[in-house]
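A.B. asks: So I've got this file, protein.cif, and it contains mmCIF, N, CA and C atoms:
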```cif
data_start
loop_
_atom_site.label_atom_id
_atom_site.label_comp_id
_atom_site.auth_asym_id
_atom_site.auth_seq_id
_atom_site.Cartn_x
_atom_site.Cartn_y
_atom_site.Cartn_z
N MET M 1 -34.78 44.79 0.05
CA MET M 1 -34.73 43.37 -0.15
C MET M 1 -33.68 42.96 -1.20
N PRO M 2 -33.63 43.64 -2.37
CA PRO M 2 -32.62 43.28 -3.35
C PRO M 2 -31.20 43.46 -2.82
N ALA M 3 -31.00 44.42 -1.92
CA ALA M 3 -29.67 44.63 -1.36
C ALA M 3 -29.25 43.43 -0.50
N ILE M 4 -30.21 42.87 0.25
CA ILE M 4 -29.92 41.71 1.09
C ILE M 4 -29.58 40.50 0.22
N LEU M 5 -30.36 40.29 -0.85
CA LEU M 5 -30.09 39.17 -1.77
C LEU M 5 -28.73 39.33 -2.43
N GLY M 6 -28.40 40.53 -2.79
CA GLY M 6 -27.10 40.79 -3.40
C GLY M 6 -25.96 40.51 -2.43
N ALA M 7 -26.14 40.88 -1.16
CA ALA M 7 -25.12 40.62 -0.14
C ALA M 7 -24.97 39.12 0.09
N ILE M 8 -26.09 38.39 0.09
CA ILE M 8 -26.04 36.94 0.29
C ILE M 8 -25.32 36.27 -0.88
N LYS M 9 -25.64 36.69 -2.12
CA LYS M 9 -24.97 36.14 -3.30
C LYS M 9 -23.48 36.44 -3.27
N SER M 10 -23.13 37.65 -2.86
CA SER M 10 -21.73 38.03 -2.79
C SER M 10 -20.99 37.21 -1.74
N ALA M 11 -21.61 37.01 -0.58
CA ALA M 11 -21.00 36.21 0.48
C ALA M 11 -20.85 34.75 0.04
N ALA M 12 -21.86 34.23 -0.66
CA ALA M 12 -21.79 32.85 -1.15
C ALA M 12 -20.68 32.70 -2.18
N SER M 13 -20.52 33.68 -3.05
CA SER M 13 -19.46 33.64 -4.05
C SER M 13 -18.09 33.67 -3.39
N ILE M 14 -17.93 34.49 -2.39
CA ILE M 14 -16.66 34.58 -1.68
C ILE M 14 -16.37 33.26 -0.97
N ALA M 15 -17.39 32.70 -0.29
CA ALA M 15 -17.20 31.43 0.42
C ALA M 15 -16.84 30.31 -0.54
N PHE M 16 -17.50 30.26 -1.69
CA PHE M 16 -17.19 29.25 -2.70
C PHE M 16 -15.77 29.42 -3.22
N GLY M 17 -15.38 30.64 -3.50
CA GLY M 17 -14.03 30.92 -3.99
C GLY M 17 -12.97 30.52 -2.97
N LEU M 18 -13.20 30.85 -1.71
CA LEU M 18 -12.25 30.48 -0.67
C LEU M 18 -12.16 28.96 -0.51
N THR M 19 -13.29 28.27 -0.62
CA THR M 19 -13.31 26.81 -0.53
C THR M 19 -12.48 26.19 -1.65
N VAL M 20 -12.64 26.70 -2.86
CA VAL M 20 -11.88 26.20 -3.99
C VAL M 20 -10.38 26.43 -3.77
N ILE M 21 -10.03 27.61 -3.31
CA ILE M 21 -8.62 27.93 -3.06
C ILE M 21 -8.04 27.00 -1.99
N VAL M 22 -8.78 26.78 -0.90
CA VAL M 22 -8.31 25.89 0.17
C VAL M 22 -8.13 24.47 -0.36
N LEU M 23 -9.07 23.99 -1.15
CA LEU M 23 -8.97 22.64 -1.70
C LEU M 23 -7.77 22.51 -2.64
N VAL M 24 -7.53 23.50 -3.45
CA VAL M 24 -6.38 23.46 -4.37
C VAL M 24 -5.07 23.47 -3.59
N VAL M 25 -4.97 24.33 -2.59
CA VAL M 25 -3.75 24.39 -1.77
C VAL M 25 -3.54 23.08 -1.02
N CYS M 26 -4.60 22.52 -0.42
CA CYS M 26 -4.48 21.25 0.30
C CYS M 26 -4.08 20.12 -0.65
N GLY M 27 -4.63 20.11 -1.83
CA GLY M 27 -4.26 19.09 -2.81
C GLY M 27 -2.82 19.22 -3.25
N TRP M 28 -2.38 20.45 -3.41
CA TRP M 28 -0.99 20.69 -3.80
C TRP M 28 -0.03 20.26 -2.70
N ILE M 29 -0.33 20.63 -1.45
CA ILE M 29 0.51 20.23 -0.32
C ILE M 29 0.41 18.73 -0.10
N GLY M 30 -0.80 18.19 -0.14
CA GLY M 30 -1.02 16.77 0.08
C GLY M 30 -0.42 15.89 -0.99
N GLY M 31 -0.21 16.42 -2.18
CA GLY M 31 0.39 15.65 -3.25
C GLY M 31 1.82 15.25 -2.94
N ASP M 32 2.48 16.04 -2.09
CA ASP M 32 3.85 15.72 -1.69
C ASP M 32 3.91 14.88 -0.43
N THR M 33 2.75 14.67 0.19
CA THR M 33 2.70 13.89 1.42
C THR M 33 2.55 12.43 1.07
N SER M 34 3.48 11.61 1.56
CA SER M 34 3.37 10.19 1.28
C SER M 34 2.95 9.44 2.54
N LEU M 35 2.18 8.41 2.33
CA LEU M 35 1.74 7.55 3.41
C LEU M 35 2.53 6.26 3.33
N SER M 36 2.80 5.67 4.46
CA SER M 36 3.54 4.43 4.49
C SER M 36 2.57 3.28 4.77
N VAL M 37 2.61 2.26 3.94
CA VAL M 37 1.74 1.11 4.09
C VAL M 37 2.62 -0.08 4.43
N SER M 38 2.34 -0.73 5.57
CA SER M 38 3.14 -1.87 6.01
C SER M 38 2.65 -3.15 5.35
N MET M 39 3.56 -4.09 5.20
CA MET M 39 3.24 -5.38 4.60
C MET M 39 2.25 -6.14 5.48
N PRO M 40 1.19 -6.70 4.89
CA PRO M 40 0.21 -7.47 5.67
C PRO M 40 0.74 -8.87 6.01
N ASP M 41 0.01 -9.58 6.85
CA ASP M 41 0.42 -10.93 7.28
C ASP M 41 0.57 -11.90 6.12
N TYR M 42 -0.21 -11.73 5.06
CA TYR M 42 -0.12 -12.67 3.95
C TYR M 42 1.03 -12.36 2.99
N GLY M 43 1.77 -11.28 3.24
CA GLY M 43 2.89 -10.90 2.37
C GLY M 43 3.96 -11.98 2.33
N HIS M 44 4.50 -12.23 1.16
CA HIS M 44 5.51 -13.27 0.94
C HIS M 44 6.88 -12.76 1.37
N VAL M 45 7.54 -13.51 2.27
CA VAL M 45 8.88 -13.16 2.73
C VAL M 45 9.74 -14.42 2.77
N TYR M 46 11.02 -14.20 2.98
CA TYR M 46 11.95 -15.30 3.20
C TYR M 46 12.52 -15.15 4.60
N VAL M 47 12.76 -16.27 5.26
CA VAL M 47 13.32 -16.22 6.61
C VAL M 47 14.63 -17.00 6.68
N ASP M 48 15.50 -16.51 7.52
CA ASP M 48 16.75 -17.18 7.84
C ASP M 48 16.54 -17.77 9.23
N ASP M 49 16.31 -19.08 9.30
CA ASP M 49 16.00 -19.71 10.58
C ASP M 49 17.18 -19.67 11.55
N GLU M 50 18.40 -19.71 11.03
CA GLU M 50 19.58 -19.65 11.91
C GLU M 50 19.72 -18.27 12.54
N GLY M 51 19.64 -17.24 11.73
CA GLY M 51 19.79 -15.86 12.22
C GLY M 51 18.50 -15.26 12.72
N GLN M 52 17.39 -15.99 12.58
CA GLN M 52 16.05 -15.53 12.97
C GLN M 52 15.76 -14.13 12.44
N ARG M 53 15.94 -13.99 11.13
CA ARG M 53 15.67 -12.70 10.50
C ARG M 53 14.73 -12.89 9.31
N ILE M 54 14.01 -11.83 9.00
CA ILE M 54 13.04 -11.82 7.90
C ILE M 54 13.60 -10.96 6.78
N VAL M 55 13.56 -11.49 5.56
CA VAL M 55 14.02 -10.76 4.39
C VAL M 55 12.85 -10.66 3.42
N SER M 56 12.55 -9.46 2.99
CA SER M 56 11.46 -9.24 2.04
C SER M 56 11.85 -9.74 0.65
N ALA M 57 10.87 -10.26 -0.07
CA ALA M 57 11.12 -10.70 -1.45
C ALA M 57 11.59 -9.54 -2.31
N ALA M 58 11.18 -8.33 -1.97
CA ALA M 58 11.58 -7.15 -2.75
C ALA M 58 13.06 -6.82 -2.59
N CYS M 59 13.71 -7.35 -1.57
CA CYS M 59 15.12 -7.07 -1.32
C CYS M 59 16.05 -8.09 -1.96
N LEU M 60 15.50 -9.12 -2.55
CA LEU M 60 16.31 -10.19 -3.13
C LEU M 60 16.30 -10.11 -4.65
N PRO M 61 17.38 -10.57 -5.28
CA PRO M 61 17.38 -10.60 -6.74
C PRO M 61 16.33 -11.60 -7.23
N ALA M 62 15.63 -11.23 -8.30
CA ALA M 62 14.56 -12.08 -8.81
C ALA M 62 15.07 -13.37 -9.43
N SER M 63 16.32 -13.38 -9.84
CA SER M 63 16.86 -14.53 -10.57
C SER M 63 17.17 -15.73 -9.68
N SER M 64 17.62 -15.50 -8.45
CA SER M 64 18.00 -16.64 -7.62
C SER M 64 17.71 -16.36 -6.15
N LEU M 65 17.46 -17.44 -5.42
CA LEU M 65 17.21 -17.35 -3.99
C LEU M 65 18.49 -17.69 -3.24
N PRO M 66 18.98 -16.80 -2.39
CA PRO M 66 20.19 -17.11 -1.63
C PRO M 66 19.98 -18.35 -0.76
N SER M 67 21.03 -19.14 -0.60
CA SER M 67 20.91 -20.36 0.19
C SER M 67 20.69 -20.00 1.66
N GLY M 68 20.01 -20.90 2.36
CA GLY M 68 19.75 -20.69 3.78
C GLY M 68 18.47 -19.96 4.07
N LEU M 69 17.75 -19.54 3.04
CA LEU M 69 16.47 -18.85 3.25
C LEU M 69 15.33 -19.76 2.81
N ARG M 70 14.23 -19.70 3.55
CA ARG M 70 13.05 -20.45 3.14
C ARG M 70 11.87 -19.49 2.97
N SER M 71 10.94 -19.89 2.13
CA SER M 71 9.78 -19.08 1.80
C SER M 71 8.68 -19.26 2.85
N THR M 72 8.05 -18.15 3.23
CA THR M 72 6.93 -18.19 4.18
C THR M 72 6.13 -16.90 4.06
N THR M 73 5.24 -16.66 5.00
CA THR M 73 4.46 -15.41 5.02
C THR M 73 4.95 -14.52 6.16
N MET M 74 4.64 -13.26 6.05
CA MET M 74 5.03 -12.31 7.09
C MET M 74 4.39 -12.69 8.42
N GLY M 75 3.15 -13.13 8.40
CA GLY M 75 2.45 -13.51 9.62
C GLY M 75 3.16 -14.63 10.36
N GLU M 76 3.58 -15.68 9.62
CA GLU M 76 4.28 -16.80 10.26
C GLU M 76 5.61 -16.34 10.82
N ALA M 77 6.35 -15.54 10.07
CA ALA M 77 7.65 -15.06 10.53
C ALA M 77 7.52 -14.22 11.80
N LEU M 78 6.48 -13.42 11.89
CA LEU M 78 6.28 -12.61 13.09
C LEU M 78 5.85 -13.47 14.27
N ARG M 79 5.05 -14.51 14.00
CA ARG M 79 4.66 -15.43 15.08
C ARG M 79 5.87 -16.16 15.65
N LEU M 80 6.88 -16.41 14.79
CA LEU M 80 8.11 -17.03 15.25
C LEU M 80 9.02 -16.04 15.99
N ARG M 81 8.61 -14.78 16.01
CA ARG M 81 9.34 -13.69 16.66
C ARG M 81 10.69 -13.41 16.01
N TYR M 82 10.75 -13.59 14.69
CA TYR M 82 11.95 -13.25 13.95
C TYR M 82 11.97 -11.74 13.76
N SER M 83 13.15 -11.18 13.58
CA SER M 83 13.26 -9.73 13.41
C SER M 83 13.50 -9.38 11.94
N LEU M 84 13.11 -8.17 11.60
CA LEU M 84 13.27 -7.70 10.23
C LEU M 84 14.74 -7.43 9.94
N ASP M 85 15.19 -7.81 8.76
CA ASP M 85 16.56 -7.57 8.34
C ASP M 85 16.80 -6.07 8.18
N ARG M 86 17.83 -5.55 8.85
CA ARG M 86 18.10 -4.10 8.87
C ARG M 86 18.36 -3.55 7.46
N ASN M 87 19.15 -4.25 6.65
CA ASN M 87 19.42 -3.77 5.29
C ASN M 87 18.15 -3.71 4.46
N CYS M 88 17.28 -4.69 4.66
CA CYS M 88 16.03 -4.72 3.90
C CYS M 88 15.09 -3.59 4.35
N ILE M 89 15.10 -3.27 5.63
CA ILE M 89 14.31 -2.14 6.13
C ILE M 89 14.78 -0.86 5.45
N ASP M 90 16.12 -0.68 5.39
CA ASP M 90 16.68 0.53 4.77
C ASP M 90 16.33 0.63 3.29
N GLN M 91 16.15 -0.51 2.63
CA GLN M 91 15.78 -0.53 1.21
C GLN M 91 14.28 -0.34 1.00
N GLY M 92 13.50 -0.30 2.08
CA GLY M 92 12.05 -0.13 1.96
C GLY M 92 11.33 -1.42 1.60
N GLY M 93 11.92 -2.56 1.93
CA GLY M 93 11.34 -3.84 1.55
C GLY M 93 10.08 -4.24 2.28
N PHE M 94 9.79 -3.60 3.40
CA PHE M 94 8.62 -3.98 4.18
C PHE M 94 7.51 -2.94 4.14
N GLN M 95 7.75 -1.83 3.44
CA GLN M 95 6.74 -0.78 3.34
C GLN M 95 6.76 -0.18 1.96
N GLU M 96 5.63 0.33 1.55
CA GLU M 96 5.54 1.09 0.31
C GLU M 96 4.75 2.35 0.59
N GLY M 97 5.02 3.35 -0.16
CA GLY M 97 4.33 4.62 0.04
C GLY M 97 3.23 4.84 -0.96
N GLY M 98 2.34 5.71 -0.63
CA GLY M 98 1.26 6.14 -1.49
C GLY M 98 0.99 7.59 -1.15
N SER M 99 0.26 8.27 -1.98
CA SER M 99 0.00 9.68 -1.69
C SER M 99 -1.28 9.83 -0.88
N ALA M 100 -1.32 10.88 -0.08
CA ALA M 100 -2.51 11.16 0.73
C ALA M 100 -3.74 11.43 -0.15
N PRO M 101 -3.60 12.21 -1.24
CA PRO M 101 -4.78 12.42 -2.10
C PRO M 101 -5.29 11.11 -2.71
N GLN M 102 -4.38 10.21 -3.09
CA GLN M 102 -4.80 8.93 -3.66
C GLN M 102 -5.57 8.12 -2.62
N ALA M 103 -5.10 8.12 -1.38
CA ALA M 103 -5.78 7.39 -0.31
C ALA M 103 -7.17 7.97 -0.06
N LEU M 104 -7.29 9.29 -0.12
CA LEU M 104 -8.59 9.94 0.07
C LEU M 104 -9.53 9.58 -1.07
N LEU M 105 -9.05 9.63 -2.30
CA LEU M 105 -9.89 9.28 -3.44
C LEU M 105 -10.33 7.82 -3.38
N HIS M 106 -9.47 6.94 -2.89
CA HIS M 106 -9.86 5.54 -2.74
C HIS M 106 -10.92 5.39 -1.65
N ALA M 107 -10.75 6.14 -0.55
CA ALA M 107 -11.69 6.04 0.57
C ALA M 107 -13.10 6.46 0.17
N ILE M 108 -13.21 7.41 -0.74
CA ILE M 108 -14.54 7.85 -1.18
C ILE M 108 -14.94 7.20 -2.51
N HIS M 109 -14.23 6.12 -2.86
CA HIS M 109 -14.54 5.28 -4.03
C HIS M 109 -14.47 6.02 -5.37
N LEU M 110 -13.54 6.96 -5.47
CA LEU M 110 -13.33 7.65 -6.74
C LEU M 110 -12.06 7.19 -7.44
N ALA M 111 -11.30 6.32 -6.79
CA ALA M 111 -10.08 5.79 -7.39
C ALA M 111 -9.95 4.32 -6.99
N PRO M 112 -9.32 3.52 -7.84
CA PRO M 112 -9.15 2.10 -7.48
C PRO M 112 -8.12 1.94 -6.36
N ARG M 113 -8.19 0.81 -5.68
CA ARG M 113 -7.24 0.48 -4.62
C ARG M 113 -5.85 0.36 -5.22
N GLN M 114 -4.86 0.94 -4.54
CA GLN M 114 -3.49 0.83 -5.01
C GLN M 114 -3.00 -0.59 -4.81
N THR M 115 -2.29 -1.13 -5.78
CA THR M 115 -1.75 -2.48 -5.67
C THR M 115 -0.28 -2.41 -5.29
N TYR M 116 0.10 -3.21 -4.31
CA TYR M 116 1.48 -3.25 -3.84
C TYR M 116 2.12 -4.54 -4.31
N TRP M 117 3.46 -4.62 -4.26
CA TRP M 117 4.14 -5.80 -4.76
C TRP M 117 3.73 -7.05 -4.00
N TRP M 118 3.38 -6.94 -2.73
CA TRP M 118 3.01 -8.13 -1.96
C TRP M 118 1.61 -8.64 -2.31
N ASP M 119 0.87 -7.88 -3.10
CA ASP M 119 -0.46 -8.32 -3.54
C ASP M 119 -0.40 -9.13 -4.83
N LYS M 120 0.79 -9.29 -5.40
CA LYS M 120 0.92 -10.00 -6.67
C LYS M 120 1.24 -11.47 -6.42
N PRO M 121 0.76 -12.36 -7.29
CA PRO M 121 1.07 -13.79 -7.12
C PRO M 121 2.57 -14.05 -7.22
N TYR M 122 3.03 -15.10 -6.56
CA TYR M 122 4.44 -15.48 -6.62
C TYR M 122 4.54 -16.99 -6.74
N ARG M 123 5.68 -17.43 -7.25
CA ARG M 123 5.89 -18.86 -7.52
C ARG M 123 6.75 -19.48 -6.42
N THR M 124 6.34 -20.67 -5.97
CA THR M 124 7.12 -21.45 -5.01
C THR M 124 7.35 -22.83 -5.61
N ALA M 125 8.07 -23.68 -4.88
CA ALA M 125 8.31 -25.05 -5.35
C ALA M 125 6.99 -25.82 -5.46
N GLU M 126 6.00 -25.46 -4.65
CA GLU M 126 4.71 -26.14 -4.67
C GLU M 126 3.77 -25.59 -5.74
N GLY M 127 4.09 -24.47 -6.34
CA GLY M 127 3.24 -23.87 -7.36
C GLY M 127 3.06 -22.38 -7.12
N ILE M 128 2.09 -21.81 -7.81
CA ILE M 128 1.83 -20.37 -7.69
C ILE M 128 0.97 -20.10 -6.47
N VAL M 129 1.36 -19.09 -5.70
CA VAL M 129 0.60 -18.69 -4.53
C VAL M 129 -0.07 -17.36 -4.84
N TYR M 130 -1.38 -17.31 -4.60
CA TYR M 130 -2.14 -16.09 -4.84
C TYR M 130 -2.50 -15.44 -3.51
N PRO M 131 -2.05 -14.21 -3.27
CA PRO M 131 -2.49 -13.50 -2.07
C PRO M 131 -4.01 -13.36 -2.08
N PRO M 132 -4.63 -13.20 -0.91
CA PRO M 132 -6.10 -13.15 -0.84
C PRO M 132 -6.75 -12.12 -1.76
N ALA M 133 -6.10 -10.97 -1.94
CA ALA M 133 -6.71 -9.90 -2.75
C ALA M 133 -6.68 -10.21 -4.24
N THR M 134 -5.86 -11.17 -4.69
CA THR M 134 -5.69 -11.38 -6.13
C THR M 134 -6.07 -12.78 -6.60
N LYS M 135 -6.65 -13.59 -5.73
CA LYS M 135 -6.98 -14.96 -6.10
C LYS M 135 -7.94 -14.95 -7.27
N PRO M 136 -7.58 -15.63 -8.37
CA PRO M 136 -8.47 -15.62 -9.54
C PRO M 136 -9.75 -16.39 -9.27
N GLU M 137 -10.80 -15.94 -9.90
CA GLU M 137 -12.09 -16.62 -9.77
C GLU M 137 -11.99 -17.95 -10.49
N THR M 138 -12.50 -18.99 -9.87
CA THR M 138 -12.50 -20.30 -10.52
C THR M 138 -13.92 -20.61 -10.97
N SER M 139 -14.03 -21.08 -12.18
CA SER M 139 -15.34 -21.44 -12.68
C SER M 139 -15.46 -22.95 -12.68
N ARG M 140 -16.64 -23.43 -12.41
CA ARG M 140 -16.87 -24.87 -12.39
C ARG M 140 -17.49 -25.30 -13.72
N LEU M 141 -16.91 -26.33 -14.27
CA LEU M 141 -17.46 -26.89 -15.49
C LEU M 141 -18.58 -27.84 -15.14
N ARG M 142 -19.68 -27.76 -15.85
CA ARG M 142 -20.81 -28.66 -15.57
C ARG M 142 -21.04 -29.57 -16.72
#
```
Would you mind writing the file's structure down as structure tokens?
C.D. replies:
Amino acid sequence: MPAILGAIKSAASIAFGLTVIVLVVCGWIGGDTSLSVSMPDYGHVYVDDEGQRIVSAACLPASSLPSGLRSTTMGEALRLRYSLDRNCIDQGGFQEGGSAPQALLHAIHLAPRQTYWWDKPYRTAEGIVYPPATKPETSRLR
């Protein structure tokens, strides 16, 4: 009987050790794996109505807005069937990457949700626009 218990303990130790090694190797390999996250419909973009193209806010200088572009959302621009600006695509203006391990940790609620540039508030002529994920809580005065 003690021999059987010893064999079971030995097998369990080996299985545990192999599991740890596999997890470490997968984490190491997965750390270099990036995931691509596409801009959601509420993402802030600029459109060129003449050329029917979409330009990401991330592709424009923060100091000034080029003439001929108007502010809108990605959803509206896609409904108009405008196409993505090729230069902006090459600059990564419509996607951002994240790591596979980070996505896994978020999925099992061990890490906070990654924030992308399109989740941040932006200013327009009408005022500040808050994407759905970042809208501040409003308190009512009584």
A.B. asks: Here's the selection I'm unsure about, the PyMOL selection byres ((chain M and resi 48-61) around 7); applied to the file above, which residues does it give, as an MDAnalysis selection string?
C.D. replies: chainID M and resid 44:47 62:65 68:70 77 81:85 88 93:94
A.B. asks: Which residue gives the smallest distance to M:Met74 among M:Pro112, M:Ala103, M:Gly43, M:Asn87, with only N, CA and C atoms counted?
C.D. replies: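 Distance minimum relative to M:Met74 lands on M:Gly43.
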A.B. asks: In terms of the shortest atom-to-atom distance over only C-alpha atoms, which of M:Pro101, M:Pro121, M:Pro132, M:Gly75 is closest to M:Asp41?
C.D. replies: M:Gly75
A.B. asks: Could you write out, as a short mmCIF file (atom, residue, chain, number, x, y, z; two decimals) with N, CA and C atoms, in the frame of the given file, all the residues of stretch 35-85 of chain M that DSSP marks as strand (DSSP E or B)?
C.D. replies:
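Wrote it out as states21.cif, contents follow:
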```
data_model
loop_
_atom_site.label_atom_id
_atom_site.label_comp_id
_atom_site.auth_asym_id
_atom_site.auth_seq_id
_atom_site.Cartn_x
_atom_site.Cartn_y
_atom_site.Cartn_z
N LEU M 35 2.18 8.41 2.33
CA LEU M 35 1.74 7.55 3.41
C LEU M 35 2.53 6.26 3.33
N SER M 36 2.80 5.67 4.46
CA SER M 36 3.54 4.43 4.49
C SER M 36 2.57 3.28 4.77
N VAL M 37 2.61 2.26 3.94
CA VAL M 37 1.74 1.11 4.09
C VAL M 37 2.62 -0.08 4.43
N SER M 38 2.34 -0.73 5.57
CA SER M 38 3.14 -1.87 6.01
C SER M 38 2.65 -3.15 5.35
N HIS M 44 4.50 -12.23 1.16
CA HIS M 44 5.51 -13.27 0.94
C HIS M 44 6.88 -12.76 1.37
N VAL M 45 7.54 -13.51 2.27
CA VAL M 45 8.88 -13.16 2.73
C VAL M 45 9.74 -14.42 2.77
N TYR M 46 11.02 -14.20 2.98
CA TYR M 46 11.95 -15.30 3.20
C TYR M 46 12.52 -15.15 4.60
N VAL M 47 12.76 -16.27 5.26
CA VAL M 47 13.32 -16.22 6.61
C VAL M 47 14.63 -17.00 6.68
N ASP M 48 15.50 -16.51 7.52
CA ASP M 48 16.75 -17.18 7.84
C ASP M 48 16.54 -17.77 9.23
N ARG M 53 15.94 -13.99 11.13
CA ARG M 53 15.67 -12.70 10.50
C ARG M 53 14.73 -12.89 9.31
N ILE M 54 14.01 -11.83 9.00
CA ILE M 54 13.04 -11.82 7.90
C ILE M 54 13.60 -10.96 6.78
N VAL M 55 13.56 -11.49 5.56
CA VAL M 55 14.02 -10.76 4.39
C VAL M 55 12.85 -10.66 3.42
N SER M 56 12.55 -9.46 2.99
CA SER M 56 11.46 -9.24 2.04
C SER M 56 11.85 -9.74 0.65
N ARG M 70 14.23 -19.70 3.55
CA ARG M 70 13.05 -20.45 3.14
C ARG M 70 11.87 -19.49 2.97
N SER M 71 10.94 -19.89 2.13
CA SER M 71 9.78 -19.08 1.80
C SER M 71 8.68 -19.26 2.85
N THR M 72 8.05 -18.15 3.23
CA THR M 72 6.93 -18.19 4.18
C THR M 72 6.13 -16.90 4.06
N THR M 73 5.24 -16.66 5.00
CA THR M 73 4.46 -15.41 5.02
C THR M 73 4.95 -14.52 6.16
N SER M 83 13.15 -11.18 13.58
CA SER M 83 13.26 -9.73 13.41
C SER M 83 13.50 -9.38 11.94
N LEU M 84 13.11 -8.17 11.60
CA LEU M 84 13.27 -7.70 10.23
C LEU M 84 14.74 -7.43 9.94
#
```
A.B. asks: Do you have the atom N of M:Ile21-atom CA of M:Arg113 distance handy?
C.D. replies: 27.3 Å
